[in-house]
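S.K.: What follows is structure-v5.cif, made up of mmCIF, C-alpha atoms:
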data_data
#
loop_
_atom_site.label_atom_id
_atom_site.label_comp_id
_atom_site.auth_asym_id
_atom_site.auth_seq_id
_atom_site.Cartn_x
_atom_site.Cartn_y
_atom_site.Cartn_z
CA MET A 1 164.43 157.75 66.19
CA THR A 2 161.21 157.59 68.21
CA ASP A 3 160.94 159.02 71.72
CA LEU A 4 159.47 155.78 73.15
CA LEU A 5 160.88 152.26 72.92
CA LYS A 6 158.80 149.28 74.02
CA PHE A 7 160.94 146.20 74.58
CA ILE A 8 160.81 142.77 76.13
CA THR A 9 163.40 140.69 77.94
CA CYS A 10 163.43 136.95 77.23
CA GLY A 11 165.55 133.99 78.20
CA SER A 12 165.64 130.75 80.10
CA VAL A 13 164.89 130.44 83.80
CA ASP A 14 167.53 132.20 85.94
CA ASP A 15 169.27 133.83 82.97
CA GLY A 16 169.15 137.12 84.87
CA LYS A 17 166.46 139.06 83.00
CA SER A 18 165.05 140.82 86.05
CA THR A 19 168.54 141.50 87.40
CA LEU A 20 169.62 143.06 84.11
CA ILE A 21 166.73 145.54 83.94
CA GLY A 22 166.99 146.24 87.67
CA HIS A 23 170.65 147.14 87.19
CA ILE A 24 169.75 149.58 84.39
CA LEU A 25 167.23 151.29 86.66
CA TYR A 26 169.72 151.44 89.53
CA ASP A 27 172.73 152.63 87.53
CA ALA A 28 170.73 155.22 85.63
CA LYS A 29 169.60 156.73 88.97
CA LEU A 30 165.97 156.11 88.05
CA LEU A 31 164.81 155.15 91.56
CA TYR A 32 163.15 157.19 94.26
CA ALA A 33 165.04 157.37 97.55
CA ASP A 34 162.54 155.13 99.34
CA GLN A 35 162.75 152.55 96.52
CA GLU A 36 166.53 152.47 96.80
CA GLN A 37 166.39 152.07 100.58
CA ALA A 38 163.80 149.27 100.30
CA LEU A 39 166.04 147.53 97.73
CA LEU A 40 169.06 147.68 100.03
CA LEU A 41 167.05 146.36 103.01
CA ASP A 42 165.41 143.53 101.02
CA SER A 43 168.77 142.50 99.56
CA ARG A 44 170.22 141.94 103.04
CA VAL A 45 167.83 139.01 103.61
CA GLY A 46 168.23 137.61 100.10
CA SER A 47 170.43 134.88 98.71
CA ARG A 48 173.42 137.00 97.59
CA GLY A 49 175.10 137.47 100.94
CA GLY A 50 173.89 141.03 101.38
CA ALA A 51 174.94 142.24 97.91
CA ILE A 52 172.32 144.20 95.99
CA ASP A 53 169.73 141.94 94.36
CA TYR A 54 168.66 144.06 91.40
CA SER A 55 165.94 141.59 90.36
CA LEU A 56 163.81 142.76 93.31
CA LEU A 57 163.06 145.93 91.37
CA LEU A 58 161.19 143.87 88.75
CA ASP A 59 159.68 140.92 90.59
CA GLY A 60 156.68 142.51 92.26
CA LEU A 61 154.65 139.45 93.26
CA MET A 62 155.30 137.74 96.58
CA ALA A 63 154.99 134.29 95.00
CA GLU A 64 157.73 135.23 92.55
CA ARG A 65 160.04 136.45 95.27
CA GLU A 66 159.52 133.29 97.31
CA GLN A 67 160.45 131.08 94.33
CA GLY A 68 163.15 133.39 92.99
CA ILE A 69 161.55 133.40 89.52
CA THR A 70 159.30 135.63 87.44
CA ILE A 71 155.81 134.18 86.92
CA ASP A 72 153.73 137.01 85.46
CA VAL A 73 154.71 139.74 83.01
CA ALA A 74 156.13 142.69 84.96
CA TYR A 75 155.98 146.06 83.18
CA ARG A 76 158.24 148.95 84.14
CA TYR A 77 158.47 152.50 82.82
CA PHE A 78 161.62 154.59 82.86
CA THR A 79 163.23 157.51 81.07
CA THR A 80 166.81 158.48 80.34
CA GLU A 81 168.06 161.74 78.86
CA ARG A 82 167.80 160.26 75.37
CA ARG A 83 164.61 158.15 75.41
CA SER A 84 161.59 156.83 77.31
CA PHE A 85 161.11 153.09 77.76
CA ILE A 86 158.46 150.52 78.61
CA VAL A 87 159.95 147.12 79.40
CA ALA A 88 158.16 143.80 79.85
CA ASP A 89 160.08 141.34 82.02
CA THR A 90 158.66 137.94 81.12
CA PRO A 91 158.86 134.44 82.64
CA GLY A 92 161.45 132.04 81.28
CA HIS A 93 159.86 128.68 82.10
CA GLU A 94 158.19 126.80 79.24
CA GLU A 95 154.96 126.56 81.26
CA TYR A 96 154.57 130.34 80.94
CA THR A 97 155.27 130.63 77.20
CA ARG A 98 151.87 132.26 76.68
CA ASN A 99 152.78 134.97 79.22
CA MET A 100 155.91 135.67 77.23
CA ALA A 101 153.90 135.86 73.99
CA VAL A 102 151.60 138.46 75.57
CA GLY A 103 154.62 140.60 76.44
CA ALA A 104 156.06 140.16 72.93
CA SER A 105 152.84 141.30 71.27
CA PHE A 106 153.33 144.89 72.47
CA ALA A 107 157.10 145.19 71.93
CA ASP A 108 159.23 146.82 69.23
CA LEU A 109 162.45 145.09 70.31
CA ALA A 110 163.47 141.93 72.14
CA VAL A 111 166.47 141.55 74.42
CA ILE A 112 167.31 137.84 74.39
CA LEU A 113 169.49 136.77 77.31
CA VAL A 114 171.91 133.88 76.92
CA ASP A 115 173.71 132.35 79.91
CA ALA A 116 177.45 132.50 79.18
CA THR A 117 177.97 129.26 81.10
CA GLN A 118 175.38 127.34 79.02
CA GLY A 119 175.13 128.94 75.59
CA VAL A 120 172.05 128.89 73.36
CA LEU A 121 169.43 126.61 74.95
CA THR A 122 166.08 125.22 73.83
CA GLN A 123 164.25 128.04 75.60
CA THR A 124 166.45 130.61 73.85
CA LYS A 125 165.32 129.26 70.48
CA ARG A 126 161.70 129.03 71.64
CA HIS A 127 161.53 132.63 72.81
CA THR A 128 163.36 134.02 69.79
CA ARG A 129 161.05 132.16 67.42
CA ILE A 130 157.90 133.33 69.21
CA CYS A 131 159.13 136.94 69.30
CA ALA A 132 159.75 136.77 65.54
CA MET A 133 156.30 135.24 65.05
CA MET A 134 154.70 138.08 67.03
CA GLY A 135 156.21 140.61 64.64
CA ILE A 136 159.32 141.82 66.48
CA ARG A 137 162.00 142.74 63.93
CA GLN A 138 164.65 144.27 66.21
CA PHE A 139 166.67 141.88 68.39
CA VAL A 140 169.69 142.24 70.63
CA PHE A 141 171.37 139.24 72.28
CA ALA A 142 172.97 139.81 75.69
CA ILE A 143 175.39 137.08 76.79
CA ASN A 144 174.92 137.39 80.55
CA LYS A 145 176.97 136.12 83.52
CA PHE A 146 180.15 136.81 81.58
CA ASP A 147 182.00 137.25 84.86
CA LEU A 148 181.46 133.52 85.54
CA VAL A 149 183.49 132.53 82.44
CA GLY A 150 186.36 134.88 83.20
CA TYR A 151 185.40 137.33 80.41
CA ASP A 152 186.74 134.78 77.90
CA LYS A 153 186.71 136.00 74.29
CA GLY A 154 186.58 132.39 73.08
CA VAL A 155 183.27 131.85 74.87
CA TYR A 156 181.91 135.00 73.23
CA ARG A 157 182.92 133.77 69.77
CA ALA A 158 181.43 130.31 70.28
CA ILE A 159 178.07 131.61 71.53
CA SER A 160 178.02 134.30 68.82
CA ALA A 161 178.31 131.53 66.21
CA GLU A 162 175.30 129.75 67.75
CA ILE A 163 173.34 133.00 67.73
CA ALA A 164 174.28 133.64 64.09
CA ALA A 165 172.92 130.20 63.09
CA LEU A 166 169.67 130.85 64.99
CA SER A 167 169.32 134.32 63.47
CA ALA A 168 169.85 132.98 59.95
CA SER A 169 167.13 130.34 60.42
CA LEU A 170 164.63 133.06 61.42
CA GLY A 171 165.71 135.68 58.91
CA LEU A 172 167.04 138.11 61.53
CA LYS A 173 169.45 140.69 60.15
CA ASN A 174 172.74 140.73 62.07
CA PRO A 175 171.42 141.40 65.59
CA PRO A 176 174.09 142.80 67.94
CA VAL A 177 175.60 140.42 70.51
CA ILE A 178 176.75 142.11 73.73
CA PRO A 179 178.75 140.41 76.53
CA VAL A 180 177.37 141.60 79.89
CA SER A 181 177.26 140.82 83.59
CA ALA A 182 173.95 141.91 85.10
CA THR A 183 175.18 141.49 88.69
CA GLU A 184 178.54 143.25 88.21
CA GLY A 185 177.29 145.85 85.72
CA ASP A 186 179.73 145.06 82.90
CA ASN A 187 178.52 146.59 79.58
CA VAL A 188 175.03 147.16 81.00
CA THR A 189 175.11 150.95 81.29
CA VAL A 190 178.87 151.61 81.19
CA ARG A 191 181.62 150.02 79.12
CA SER A 192 183.57 147.35 81.00
CA ALA A 193 187.34 147.61 81.36
CA LYS A 194 187.34 143.83 81.91
CA ILE A 195 186.27 143.23 78.30
CA PRO A 196 188.67 145.46 76.32
CA TRP A 197 188.32 143.37 73.14
CA TYR A 198 184.61 144.25 72.85
CA THR A 199 184.29 147.60 71.06
CA GLY A 200 180.53 147.77 70.48
CA LYS A 201 177.86 149.69 72.41
CA THR A 202 176.70 148.92 75.92
CA LEU A 203 173.20 147.49 76.22
CA LEU A 204 171.68 150.81 77.34
CA GLU A 205 173.48 152.70 74.56
CA HIS A 206 171.99 150.35 72.00
CA LEU A 207 168.50 150.70 73.45
CA GLU A 208 168.82 154.50 73.44
CA THR A 209 169.96 154.74 69.82
CA VAL A 210 168.29 151.89 67.91
CA GLU A 211 165.94 153.08 65.14
CA ILE A 212 162.35 151.84 65.47
CA SER A 213 159.65 152.61 62.92
CA GLU A 214 156.32 153.76 64.38
CA ASP A 215 154.34 152.89 61.25
CA GLY A 216 152.24 149.74 61.39
CA GLY A 217 153.04 148.85 57.80
CA GLY A 218 151.23 148.79 54.50
CA GLY A 219 152.17 152.30 53.40
CA GLY A 220 148.62 153.73 53.61
CA PHE A 221 146.37 155.10 56.32
CA THR A 222 144.39 152.60 58.42
CA LEU A 223 142.24 153.16 61.51
CA PRO A 224 140.19 150.25 62.94
CA VAL A 225 137.15 151.88 64.56
CA GLN A 226 136.93 151.13 68.29
CA ARG A 227 133.96 153.30 69.16
CA VAL A 228 131.29 155.49 67.59
CA SER A 229 130.98 158.67 69.66
CA ARG A 230 127.50 160.28 69.81
CA PRO A 231 127.50 162.70 72.78
CA ASN A 232 124.59 164.65 71.23
CA HIS A 233 122.41 164.73 68.12
CA SER A 234 124.79 167.06 66.25
CA PHE A 235 128.10 165.18 66.72
CA ARG A 236 129.10 161.79 65.29
CA GLY A 237 132.75 160.78 65.46
CA PHE A 238 134.65 157.56 64.90
CA GLN A 239 137.34 156.83 67.45
CA GLY A 240 140.38 154.59 67.23
CA GLN A 241 144.15 154.50 66.97
CA VAL A 242 145.89 155.29 63.70
CA GLU A 243 147.70 152.01 63.02
CA SER A 244 149.57 153.08 59.90
CA GLY A 245 150.14 156.11 57.73
CA SER A 246 148.59 159.48 58.43
CA VAL A 247 145.32 161.30 57.76
CA SER A 248 144.53 164.98 57.29
CA VAL A 249 141.42 167.13 57.19
CA ASP A 250 139.84 167.05 53.68
CA ASP A 251 141.40 163.64 52.87
CA GLU A 252 139.11 161.27 51.01
CA ILE A 253 138.87 157.94 52.83
CA THR A 254 137.15 154.61 52.28
CA VAL A 255 135.02 152.88 54.91
CA LEU A 256 135.61 149.12 54.86
CA PRO A 257 134.09 146.61 54.35
CA SER A 258 131.18 148.62 52.85
CA GLY A 259 133.40 150.51 50.41
CA GLN A 260 131.63 153.83 51.02
CA ILE A 261 133.69 156.96 50.39
CA ALA A 262 133.63 160.16 52.45
CA ARG A 263 135.85 163.11 53.21
CA VAL A 264 137.42 163.96 56.59
CA LYS A 265 135.54 166.94 58.03
CA ALA A 266 137.48 167.26 61.31
CA LEU A 267 140.05 165.49 63.48
CA LEU A 268 140.18 165.56 67.27
CA LEU A 269 143.17 164.52 69.37
CA GLY A 270 141.56 164.27 72.78
CA ASP A 271 139.47 167.44 72.98
CA ARG A 272 141.80 169.40 70.69
CA ALA A 273 141.17 169.93 66.97
CA VAL A 274 144.16 169.06 64.75
CA ASP A 275 144.85 169.20 61.04
CA CYS A 276 146.43 165.74 60.80
CA ALA A 277 147.07 162.56 62.81
CA HIS A 278 149.85 160.00 62.51
CA ALA A 279 150.49 156.34 63.32
CA GLY A 280 150.23 155.58 67.03
CA GLN A 281 147.90 158.49 67.86
CA PRO A 282 144.36 157.95 69.20
CA VAL A 283 142.00 160.19 67.25
CA THR A 284 138.35 161.00 66.63
CA VAL A 285 137.42 161.33 62.94
CA GLN A 286 134.38 163.27 61.73
CA LEU A 287 133.22 162.71 58.16
CA ASP A 288 131.44 165.12 55.85
CA ARG A 289 128.42 162.87 55.31
CA GLU A 290 126.45 160.06 56.96
CA VAL A 291 127.95 156.65 56.23
CA ASP A 292 127.50 153.24 57.82
CA VAL A 293 130.32 152.91 60.35
CA SER A 294 130.40 150.76 63.49
CA ARG A 295 132.95 149.13 65.78
CA GLY A 296 135.05 146.78 63.65
CA SER A 297 134.86 148.95 60.53
CA VAL A 298 138.15 150.23 59.13
CA LEU A 299 138.80 153.74 57.82
CA ALA A 300 141.46 153.51 55.11
CA ARG A 301 143.25 155.52 52.44
CA LYS A 302 145.65 154.03 49.88
CA ALA A 303 146.03 150.96 52.11
CA ASP A 304 145.18 148.16 49.63
CA LEU A 305 143.02 146.25 52.11
CA GLN A 306 140.38 143.61 51.45
CA ALA A 307 137.53 141.81 53.17
CA ALA A 308 137.97 138.05 53.34
CA ALA A 309 136.33 135.09 55.04
CA GLN A 310 139.15 132.53 54.95
CA PHE A 311 142.88 132.66 55.57
CA SER A 312 145.85 130.67 56.80
CA ALA A 313 147.42 131.69 60.09
CA THR A 314 150.20 130.61 62.41
CA LEU A 315 148.74 130.04 65.89
CA LEU A 316 150.33 129.76 69.31
CA TRP A 317 147.91 127.68 71.37
CA MET A 318 147.44 129.09 74.89
CA ASP A 319 144.52 127.09 76.31
CA ASP A 320 144.79 124.16 78.72
CA GLU A 321 142.22 122.37 76.56
CA ALA A 322 143.63 121.21 73.21
CA LEU A 323 142.58 122.77 69.92
CA THR A 324 139.57 121.05 68.33
CA ILE A 325 139.39 121.12 64.54
CA GLY A 326 135.92 122.22 63.42
CA ARG A 327 135.03 123.92 66.69
CA GLU A 328 133.75 127.49 66.49
CA TYR A 329 135.58 130.26 68.33
CA TRP A 330 135.32 134.01 68.49
CA VAL A 331 138.02 135.41 66.19
CA LYS A 332 139.20 138.95 67.01
CA ILE A 333 141.06 140.83 64.27
CA GLY A 334 141.70 144.52 64.83
CA THR A 335 138.56 145.76 66.58
CA LYS A 336 136.27 143.23 64.88
CA GLN A 337 135.10 140.08 66.66
CA VAL A 338 133.30 137.44 64.58
CA PRO A 339 132.58 133.70 64.88
CA GLY A 340 135.05 131.51 63.05
CA THR A 341 136.15 127.90 62.74
CA VAL A 342 139.57 126.28 62.55
CA ARG A 343 138.92 124.23 59.42
CA THR A 344 142.19 122.37 58.94
CA MET A 345 145.66 122.14 60.42
CA ASN A 346 148.31 122.26 57.70
CA TYR A 347 151.20 121.38 59.98
CA SER A 348 152.59 121.99 63.45
CA VAL A 349 155.94 123.67 64.04
CA ASP A 350 158.57 122.41 66.44
CA VAL A 351 159.09 125.68 68.28
CA ASN A 352 162.62 124.68 69.23
CA THR A 353 163.92 123.59 65.80
CA GLY A 354 161.45 125.08 63.34
CA GLU A 355 160.75 121.64 61.85
CA GLN A 356 157.31 121.25 60.25
CA LYS A 357 155.37 118.06 60.92
CA LYS A 358 151.87 116.67 60.46
CA ALA A 359 149.48 117.07 63.38
CA HIS A 360 145.78 116.77 64.11
CA SER A 361 145.66 118.46 67.50
CA LEU A 362 147.43 121.27 69.30
CA ALA A 363 148.33 121.42 73.00
CA LYS A 364 149.21 124.41 75.15
CA ASN A 365 152.34 126.32 74.05
CA GLU A 366 152.48 124.50 70.69
CA ILE A 367 152.51 126.25 67.31
CA ALA A 368 150.76 125.26 64.08
CA GLN A 369 149.70 126.71 60.76
CA CYS A 370 145.94 126.39 60.31
CA VAL A 371 143.19 127.45 57.94
CA ILE A 372 140.51 129.57 59.64
CA ALA A 373 137.11 130.36 58.13
CA LEU A 374 134.94 133.26 59.34
CA ASN A 375 131.16 133.39 59.10
CA GLN A 376 131.31 136.79 57.38
CA PRO A 377 133.88 138.69 55.30
CA THR A 378 136.11 140.77 57.58
CA VAL A 379 138.74 143.41 56.85
CA LEU A 380 142.14 141.77 57.29
CA ASP A 381 145.54 141.39 55.65
CA GLU A 382 148.79 139.48 55.87
CA PHE A 383 150.68 140.31 59.05
CA ARG A 384 153.82 141.28 57.14
CA LYS A 385 151.82 144.00 55.33
CA HIS A 386 149.52 145.35 58.04
CA LYS A 387 150.41 144.39 61.59
CA ALA A 388 147.21 145.53 63.29
CA LEU A 389 144.96 143.78 60.74
CA GLY A 390 147.16 140.71 60.44
CA GLU A 391 147.23 139.60 64.07
CA LEU A 392 144.42 137.75 65.80
CA ILE A 393 143.27 135.96 68.90
CA LEU A 394 140.86 133.06 69.28
CA ILE A 395 138.41 133.28 72.20
CA ASP A 396 136.53 130.31 73.63
CA ARG A 397 132.81 131.01 73.12
CA VAL A 398 131.84 129.32 76.41
CA SER A 399 134.53 130.33 78.90
CA HIS A 400 135.56 133.54 77.06
CA ALA A 401 139.19 132.63 77.75
CA THR A 402 141.83 133.51 75.17
CA SER A 403 142.59 130.19 73.47
CA ALA A 404 145.24 131.25 70.96
CA CYS A 405 147.08 134.17 69.43
CA GLY A 406 148.47 134.25 65.95
CA VAL A 407 149.32 136.04 62.73
CA ILE A 408 147.78 135.83 59.26
CA GLU A 409 150.17 134.33 56.72
CA SER A 410 148.02 134.46 53.58
CA VAL A 411 144.48 135.39 52.55
CA LEU A 412 142.74 132.45 50.87
CA GLU A 413 139.44 134.07 50.05
CA SER A 414 138.43 137.64 49.40
CA GLY A 415 135.35 139.62 48.55
CA ALA A 416 131.85 139.27 49.91
CA GLN A 417 131.38 135.54 49.52
CA GLU A 418 129.08 134.00 52.09
CA PHE A 419 130.50 131.37 54.39
CA VAL A 420 128.16 128.97 56.19
CA SER A 421 129.55 127.59 59.46
CA ASP A 422 129.11 124.00 60.60
CA ALA A 423 126.79 125.21 63.37
CA ALA A 424 124.28 126.34 60.70
CA LEU A 425 124.26 123.01 58.87
CA GLN A 426 122.28 119.86 59.63
CA ARG A 427 123.21 116.56 58.03
CA LEU A 428 120.61 113.80 57.61
CA VAL A 429 120.95 110.22 56.38
CA ILE A 430 117.77 108.93 54.72
CA PRO A 431 116.91 105.70 52.85
CA VAL A 432 116.25 106.14 49.10
CA ASP A 433 114.78 103.47 46.80
CA PHE A 434 116.74 103.03 43.55
CA GLY A 435 114.60 100.62 41.51
CA GLY A 436 114.08 98.17 44.32
CA VAL A 437 117.51 98.72 45.85
CA THR A 438 117.53 100.85 49.01
CA LYS A 439 120.61 102.97 49.69
CA GLN A 440 121.48 105.36 52.50
CA VAL A 441 121.95 108.92 51.19
CA GLU A 442 123.38 111.82 53.19
CA ILE A 443 121.89 115.26 52.60
CA THR A 444 122.90 118.58 54.10
CA LEU A 445 120.33 121.20 55.09
CA ARG A 446 121.01 124.78 56.05
CA VAL A 447 119.22 125.79 59.25
CA LEU A 448 117.60 129.23 58.84
#
Show me, as structure tokens, the structure contained in the file I just sent.

M.R.:
Amino acid sequence: MTDLLKFITCGSVDDGKSTLIGHILYDAKLLYADQEQALLLDSRVGSRGGAIDYSLLLDGLMAEREQGITIDVAYRYFTTERRSFIVADTPGHEEYTRNMAVGASFADLAVILVDATQGVLTQTKRHTRICAMMGIRQFVFAINKFDLVGYDKGVYRAISAEIAALSASLGLKNPPVIPVSATEGDNVTVRSAKIPWYTGKTLLEHLETVEISEDGGGGGFTLPVQRVSRPNHSFRGFQGQVESGSVSVDDEITVLPSGQIARVKALLLGDRAVDCAHAGQPVTVQLDREVDVSRGSVLARKADLQAAAQFSATLLWMDDEALTIGREYWVKIGTKQVPGTVRTMNYSVDVNTGEQKKAHSLAKNEIAQCVIALNQPTVLDEFRKHKALGELILIDRVSHATSACGVIESVLESGAQEFVSDAALQRLVIPVDFGGVTKQVEITLRVL
């Protein structure tokens, strides 16, 4: 079990996400005295007749409080006797799907809230599907507002069946389903006497004990280089976070995409020399000889990585302007940012049902599988094998806004083949005489 759990809360509007996490903070005595007093005072002017409004602990923006909803992603940090936590409380409205995706990208686990009075809704399916797409493998479903249905076991069974069908469609492995009441505290931090037929863990117990793997996948050591450190003429170190595996002094590593081999001379964790570094640790690596390494290079050992210039990816479109096939974007994979083009769109995905359908454009908050071509081979891999080198974002080259996020499904081209982008090509139509018959012929020139 790791000491830190990063999780996200998801659900439809007014499912009680902020209230649930606020109740955990309050019950676990994780508030300063002035925070608790401010909560009690603010609750007196709220909409619950003076009762404590736990959601105020999460909703930090005034605009959110005025509307009674969460707009931005609110991050909170707390620690119990058994574990430390970072939680992202995300908006439930469809308009803010991209905000939810941002929160999901950092998380190890997703808490999906389901309103006991409404069951599994379209937004429930949307958020669960996007969390799965963003690589979350651990899920827990909390059926909230159980006090409003009289703690009825029949309601629990019916909603659990809906959740089981959703989980099966996404390949989730038997996620726990916990009946809770965020406002009353039932099964949030302490077991509820009002639900004697439920014998599983409380929500906090599950979060404290669930096993989460720190390794980024792939089985080998990978470190995408973020920065080359040259404080003086005698020191040259390569800095980044170990995304998978571990590395030790004297290990032989490969620099990708060049393929050069060197041995680890020294490792620094901050300003402290160490013998080895593991997944999740930021480290400075010194090599025993001069090799060509820059930001975007990858240090690897037994990682089975490749450089490729074309791949298929599932994208969540986040821009107000629709996706344009053939337009060039900045593509950021790991620490590497290169120009690339969305060449084709294989199909779009109905985010609510999972149905695949033909499409030629993509609007905000829609999902599609596309083929992306880069203008140079880049170190990457399938997301299921190497998370850090299998996730990407598209950046608009004019506005520099993040247009899409996504994951690599399959590599279509590998090696050092050269790819020529549309921007480097010029097409001309010229008349050609074929024995007295003139025909228009199109030729393509590469602009050097």

S.K.: Which residue is closest to Val180 of chain A? Choose from A:Cys10, A:Val140, A:Leu203, A:Val411 and count all atoms listed in the file.

M.R.: A:Leu203

S.K.: Check which residues satisfy the PyMOL selection byres ((chain A and resi 276-284) around 12) in the file shown, then give them as number ranges by chain.

M.R.: A: 2, 4, 213-230, 235-251, 264-275, 285-287, 299, 388

S.K.: Mind dumping the selected residues with C-alpha atoms as a PDB file, in the frame of the given file?

M.R.:
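For reference, result_15.pdb as written:
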ATOM      1  CA  THR A   2     161.210 157.590  68.210  1.00  0.00           C
ATOM      2  CA  LEU A   4     159.470 155.780  73.150  1.00  0.00           C
ATOM      3  CA  SER A 213     159.650 152.610  62.920  1.00  0.00           C
ATOM      4  CA  GLU A 214     156.320 153.760  64.380  1.00  0.00           C
ATOM      5  CA  ASP A 215     154.340 152.890  61.250  1.00  0.00           C
ATOM      6  CA  GLY A 216     152.240 149.740  61.390  1.00  0.00           C
ATOM      7  CA  GLY A 217     153.040 148.850  57.800  1.00  0.00           C
ATOM      8  CA  GLY A 218     151.230 148.790  54.500  1.00  0.00           C
ATOM      9  CA  GLY A 219     152.170 152.300  53.400  1.00  0.00           C
ATOM     10  CA  GLY A 220     148.620 153.730  53.610  1.00  0.00           C
ATOM     11  CA  PHE A 221     146.370 155.100  56.320  1.00  0.00           C
ATOM     12  CA  THR A 222     144.390 152.600  58.420  1.00  0.00           C
ATOM     13  CA  LEU A 223     142.240 153.160  61.510  1.00  0.00           C
ATOM     14  CA  PRO A 224     140.190 150.250  62.940  1.00  0.00           C
ATOM     15  CA  VAL A 225     137.150 151.880  64.560  1.00  0.00           C
ATOM     16  CA  GLN A 226     136.930 151.130  68.290  1.00  0.00           C
ATOM     17  CA  ARG A 227     133.960 153.300  69.160  1.00  0.00           C
ATOM     18  CA  VAL A 228     131.290 155.490  67.590  1.00  0.00           C
ATOM     19  CA  SER A 229     130.980 158.670  69.660  1.00  0.00           C
ATOM     20  CA  ARG A 230     127.500 160.280  69.810  1.00  0.00           C
ATOM     21  CA  PHE A 235     128.100 165.180  66.720  1.00  0.00           C
ATOM     22  CA  ARG A 236     129.100 161.790  65.290  1.00  0.00           C
ATOM     23  CA  GLY A 237     132.750 160.780  65.460  1.00  0.00           C
ATOM     24  CA  PHE A 238     134.650 157.560  64.900  1.00  0.00           C
ATOM     25  CA  GLN A 239     137.340 156.830  67.450  1.00  0.00           C
ATOM     26  CA  GLY A 240     140.380 154.590  67.230  1.00  0.00           C
ATOM     27  CA  GLN A 241     144.150 154.500  66.970  1.00  0.00           C
ATOM     28  CA  VAL A 242     145.890 155.290  63.700  1.00  0.00           C
ATOM     29  CA  GLU A 243     147.700 152.010  63.020  1.00  0.00           C
ATOM     30  CA  SER A 244     149.570 153.080  59.900  1.00  0.00           C
ATOM     31  CA  GLY A 245     150.140 156.110  57.730  1.00  0.00           C
ATOM     32  CA  SER A 246     148.590 159.480  58.430  1.00  0.00           C
ATOM     33  CA  VAL A 247     145.320 161.300  57.760  1.00  0.00           C
ATOM     34  CA  SER A 248     144.530 164.980  57.290  1.00  0.00           C
ATOM     35  CA  VAL A 249     141.420 167.130  57.190  1.00  0.00           C
ATOM     36  CA  ASP A 250     139.840 167.050  53.680  1.00  0.00           C
ATOM     37  CA  ASP A 251     141.400 163.640  52.870  1.00  0.00           C
ATOM     38  CA  VAL A 264     137.420 163.960  56.590  1.00  0.00           C
ATOM     39  CA  LYS A 265     135.540 166.940  58.030  1.00  0.00           C
ATOM     40  CA  ALA A 266     137.480 167.260  61.310  1.00  0.00           C
ATOM     41  CA  LEU A 267     140.050 165.490  63.480  1.00  0.00           C
ATOM     42  CA  LEU A 268     140.180 165.560  67.270  1.00  0.00           C
ATOM     43  CA  LEU A 269     143.170 164.520  69.370  1.00  0.00           C
ATOM     44  CA  GLY A 270     141.560 164.270  72.780  1.00  0.00           C
ATOM     45  CA  ASP A 271     139.470 167.440  72.980  1.00  0.00           C
ATOM     46  CA  ARG A 272     141.800 169.400  70.690  1.00  0.00           C
ATOM     47  CA  ALA A 273     141.170 169.930  66.970  1.00  0.00           C
ATOM     48  CA  VAL A 274     144.160 169.060  64.750  1.00  0.00           C
ATOM     49  CA  ASP A 275     144.850 169.200  61.040  1.00  0.00           C
ATOM     50  CA  VAL A 285     137.420 161.330  62.940  1.00  0.00           C
ATOM     51  CA  GLN A 286     134.380 163.270  61.730  1.00  0.00           C
ATOM     52  CA  LEU A 287     133.220 162.710  58.160  1.00  0.00           C
ATOM     53  CA  LEU A 299     138.800 153.740  57.820  1.00  0.00           C
ATOM     54  CA  ALA A 388     147.210 145.530  63.290  1.00  0.00           C
TER      55      ALA A 388
END

S.K.: Determine the nearest neighbour of Thr19 of chain A from the options A:Asp147, A:Glu252, A:Glu184, A:Asp319, counting only C-alpha atoms.

M.R.: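 Ranking A:Asp147, A:Glu252, A:Glu184, A:Asp319 by distance to Thr19 of chain A, first place goes to A:Glu184.
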
S.K.: Check which residues satisfy the PyMOL selection byres ((chain A and resi 342-355) around 8) in the file shown, then give them as a ChimeraX atom specification.

M.R.: /A:122-123,125-126,129-130,324-328,340-341,356-362,366-373

S.K.: If the PyMOL selection byres ((chain A and resi 208) around 10) is run on the structure shown, which residues does it catch, given as a list in words?

M.R.: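 Applied to this file, the PyMOL selection byres ((chain A and resi 208) around 10) selects Met1, Thr2, Asp3, Leu4, Leu5, Thr79, Thr80, Glu81, Arg82, Arg83, Ser84, Phe85, Thr202, Leu203, Leu204, Glu205, His206, Leu207, Thr209, Val210 and Glu211 of chain A.
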
S.K.: So which one's closest to Gly11 of chain A, A:Ser105, A:Asn187, A:Ser258, A:Asn144? Using only C-alpha atoms, please.

M.R.: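 Result for the nearest residue to Gly11 of chain A: A:Asn144.
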
S.K.: Do you have the atom CA of Glu162 of chain A-atom CA of Ile8 of chain A distance handy?

M.R.: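 The value is 21.2 Å.
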
S.K.: Between atom CA of Pro257 of chain A and atom CA of Trp330 of chain A, what distance in Å does the model show, to one decimal?

M.R.: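 Atom-to-atom, atom CA of Pro257 of chain A and atom CA of Trp330 of chain A are spaced 19.0 Å apart.
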
S.K.: Could you pull the residues within 12 Å of Val87 of chain A, counting all atoms listed in the file, minus those fewer than 2 positions along the same chain, as number ranges by chain?

M.R.: A: 4-10, 17-18, 20-22, 24-25, 58, 73-79, 84-85, 89-90, 103-104, 106-111, 207

S.K.: Mind giving me the straight-line distance from atom CA of Thr117 of chain A to atom CA of Leu172 of chain A in Å, one decimal?

M.R.: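 Between atom CA of Thr117 of chain A and atom CA of Leu172 of chain A the gap works out to 24.1 Å.
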
S.K.: Have a look at A:Phe141, A:Tyr329, A:Tyr26, A:Phe383 and name the one nearest to Pro175 of chain A; count all atoms listed in the file.

M.R.: A:Phe141
